[in-house]
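Asker: Right, I'll just put the structure down here and ask away after.
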Amino acid sequence: LHCLIHFIKRRMGKNKNKGSPRNYSLASGVARFSRASMFHKKAVYKFLKKKAPAKKTEKKAVFVEKKIGGAKNGGTRMVRVRKLPNDYPTAVKTAKRPNRSCQKSHPPKLRSSITPGVVAIVLAGVHKGKHVLVLKQLASGLLLITGPMSLNGCPLRRINQRFIIATKTKVDVSSVKVPENINDAYFARVKAENVKKDGVFADNKKQKYTPSDERKKDQGEVDKQVLAAISKNPEGAMLKKYLASVFRLQKGQFPHQMVF
């Protein structure tokens, strides 16, 4: 009988999964079993409703009354349970301050290649790839640019300098006067509030942005001056075609090897 048991144990072999986790990563990096599968494999649903009662912890006393000998000592004295440390650090640690924004005190410095009148290439957003004109830097440090609108459809808008590439092409915009009301507050959008009717929202659809009449008027005035400045340039006709074109990379072209 003993030999038979020993023979059966040898035939059974060792459990290869012993000591290894149930779930493991496949060659592609994806887990073998999903979260739902592991939820049922571990039978987590059995223990979700079982909640152990919270243990009531009694507050430990800070002071304890102790008897003291001596006729003139009062008989008892309050003594701390945990003694205070004898040594204290000589230097007080400085309190952590919240991160301060550098842009509140002064706007960030512009790259030397970015000046008013420079033609730049937009790298991100709805108008990426378009050639635009840099007009000025606003108080927040963002750049005020325009297409102009009539040439490539890019309106007056703000953009961070990291999202443009300045080219060597430049237009004299000293005669262009940007209205004083065009600042950072000018571009702040007003949130549309949904009006309730009979306890139900009137329109659950997302309201589409439409430019105001004031913005359309300002856009027309600025674009008129910008187009006049482009026309004064000896290569004005070519500049208009250049601003209307879109920057694209073709096969074998690398941005780091280009001179803009």
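Ligands are numbered from 1 in the order shown, residues from 1 within each chain, and chains are lettered A, B, ... in the order they appear in the structure tokens.
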Output as a ChimeraX atom specification all residues of segment 5-87 of chain A that backbone DSSP marks as alpha helix (DSSP H).
Answerer: /A:5-12,35-41,45-48
Asker: Near Met78 of chain A, counting only C-alpha atoms, which residues have an atom at most 10 Å away, once you skip same-chain residues fewer than 2 positions from it, shown as a list of chain:residue names?
Answerer: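 Near neighbours after the sequence-gap exclusion: A:Val62, A:Phe63, A:Val64, A:Glu65, A:Lys66, A:Lys67, A:Thr76, A:Arg80, A:Val81.
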Asker: Each residue of segment 105-202 of chain A lying at most 6 Å from segment 234-256 of chain A should get a row with its shortest atom-to-atom pair and the distance in Å to one decimal, counting only C-alpha atoms; could you produce that, ordered by chain and increasing number, as a Markdown table?
Answerer:
```
| residue | atom | partner | partner_atom | distance |
| --- | --- | --- | --- | --- |
| A:Gly129 | CA | A:Phe247 | CA | 4.8 |
| A:Lys130 | CA | A:Val246 | CA | 4.9 |
| A:His131 | CA | A:Leu243 | CA | 5.0 |
| A:Leu151 | CA | A:Ala244 | CA | 5.2 |
| A:Asn152 | CA | A:Ala244 | CA | 4.9 |
```
Asker: For those residues, write N, CA, C and O atoms to a file as a PDB file, in the first residue's frame.
Answerer:
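That gives us again26.pdb:
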```pdb
ATOM      1  N   GLY A 129      -0.700  74.963 -39.090  1.00  0.00           N
ATOM      2  CA  GLY A 129      -0.159  74.951 -40.439  1.00  0.00           C
ATOM      3  C   GLY A 129      -0.330  76.264 -41.182  1.00  0.00           C
ATOM      4  O   GLY A 129       0.289  76.474 -42.227  1.00  0.00           O
ATOM      5  N   LYS A 130      -1.154  77.171 -40.651  1.00  0.00           N
ATOM      6  CA  LYS A 130      -1.405  78.434 -41.341  1.00  0.00           C
ATOM      7  C   LYS A 130      -0.292  79.442 -41.054  1.00  0.00           C
ATOM      8  O   LYS A 130       0.327  79.417 -39.988  1.00  0.00           O
ATOM      9  N   HIS A 131      -0.073  80.335 -42.010  1.00  0.00           N
ATOM     10  CA  HIS A 131       0.865  81.437 -41.828  1.00  0.00           C
ATOM     11  C   HIS A 131       0.086  82.634 -41.286  1.00  0.00           C
ATOM     12  O   HIS A 131      -0.925  83.030 -41.876  1.00  0.00           O
ATOM     13  N   LEU A 151      -7.606  86.357 -45.846  1.00  0.00           N
ATOM     14  CA  LEU A 151      -6.637  85.571 -46.625  1.00  0.00           C
ATOM     15  C   LEU A 151      -6.660  84.085 -46.278  1.00  0.00           C
ATOM     16  O   LEU A 151      -6.679  83.229 -47.151  1.00  0.00           O
ATOM     17  N   ASN A 152      -6.638  83.762 -44.983  1.00  0.00           N
ATOM     18  CA  ASN A 152      -6.568  82.341 -44.608  1.00  0.00           C
ATOM     19  C   ASN A 152      -7.595  81.921 -43.558  1.00  0.00           C
ATOM     20  O   ASN A 152      -7.557  80.779 -43.084  1.00  0.00           O
TER      21      ASN A 152
END
```
Asker: Measure the distance from atom CA of Pro116 of chain A to atom CA of Ala185 of chain A in Å and round it to one decimal.
Answerer: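 Distance between the two atoms: 20.9 Å.
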Asker: Taking into account only C-alpha atoms, which residue in the set A:Phe39, A:Ala188, A:Val79, A:Ala120 is nearest to Ala61 of chain A?
Answerer: A:Val79
Asker: State, in Å with one decimal place, the distance from atom CA of Pro108 of chain A to atom CA of Leu142 of chain A.
Answerer: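 Calculated distance between atom CA of Pro108 of chain A and atom CA of Leu142 of chain A is 8.6 Å.
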Asker: Identify, on the basis of only C-alpha atoms, every residue whose closest approach to Asn181 of chain A does not exceed 12 Å; exclude the query and any residue fewer than 4 positions from it along the same chain; express the result as a PDB file with N, CA, C and O atoms, in the first residue's frame.
Answerer:
```
ATOM      1  N   LEU A 138       0.507  90.597 -25.461  1.00  0.00           N
ATOM      2  CA  LEU A 138      -0.477  91.096 -24.493  1.00  0.00           C
ATOM      3  C   LEU A 138       0.106  91.064 -23.083  1.00  0.00           C
ATOM      4  O   LEU A 138       1.203  90.545 -22.849  1.00  0.00           O
ATOM      5  N   LYS A 177      -2.706 100.178 -36.094  1.00  0.00           N
ATOM      6  CA  LYS A 177      -3.086 100.570 -34.740  1.00  0.00           C
ATOM      7  C   LYS A 177      -4.141  99.608 -34.221  1.00  0.00           C
ATOM      8  O   LYS A 177      -5.277  99.585 -34.697  1.00  0.00           O
ATOM      9  N   ALA A 185      -8.901  90.433 -21.456  1.00  0.00           N
ATOM     10  CA  ALA A 185     -10.321  90.364 -21.073  1.00  0.00           C
ATOM     11  C   ALA A 185     -11.228  90.344 -22.296  1.00  0.00           C
ATOM     12  O   ALA A 185     -12.349  89.828 -22.241  1.00  0.00           O
ATOM     13  N   TYR A 186     -10.758  90.890 -23.395  1.00  0.00           N
ATOM     14  CA  TYR A 186     -11.529  90.941 -24.646  1.00  0.00           C
ATOM     15  C   TYR A 186     -11.820  89.544 -25.174  1.00  0.00           C
ATOM     16  O   TYR A 186     -12.861  89.306 -25.786  1.00  0.00           O
ATOM     17  N   PHE A 187     -10.876  88.604 -24.943  1.00  0.00           N
ATOM     18  CA  PHE A 187     -11.014  87.240 -25.471  1.00  0.00           C
ATOM     19  C   PHE A 187     -11.681  86.268 -24.494  1.00  0.00           C
ATOM     20  O   PHE A 187     -11.847  85.100 -24.814  1.00  0.00           O
ATOM     21  N   GLU A 214     -19.224  93.432 -32.080  1.00  0.00           N
ATOM     22  CA  GLU A 214     -18.045  94.239 -31.731  1.00  0.00           C
ATOM     23  C   GLU A 214     -16.769  93.579 -32.260  1.00  0.00           C
ATOM     24  O   GLU A 214     -15.893  94.238 -32.813  1.00  0.00           O
ATOM     25  N   ARG A 215     -16.693  92.252 -32.092  1.00  0.00           N
ATOM     26  CA  ARG A 215     -15.502  91.535 -32.542  1.00  0.00           C
ATOM     27  C   ARG A 215     -15.394  91.548 -34.074  1.00  0.00           C
ATOM     28  O   ARG A 215     -14.302  91.669 -34.628  1.00  0.00           O
ATOM     29  N   ASP A 218     -14.079  95.014 -35.020  1.00  0.00           N
ATOM     30  CA  ASP A 218     -12.642  95.149 -34.717  1.00  0.00           C
ATOM     31  C   ASP A 218     -11.806  94.338 -35.698  1.00  0.00           C
ATOM     32  O   ASP A 218     -10.731  94.779 -36.123  1.00  0.00           O
TER      33      ASP A 218
END
```
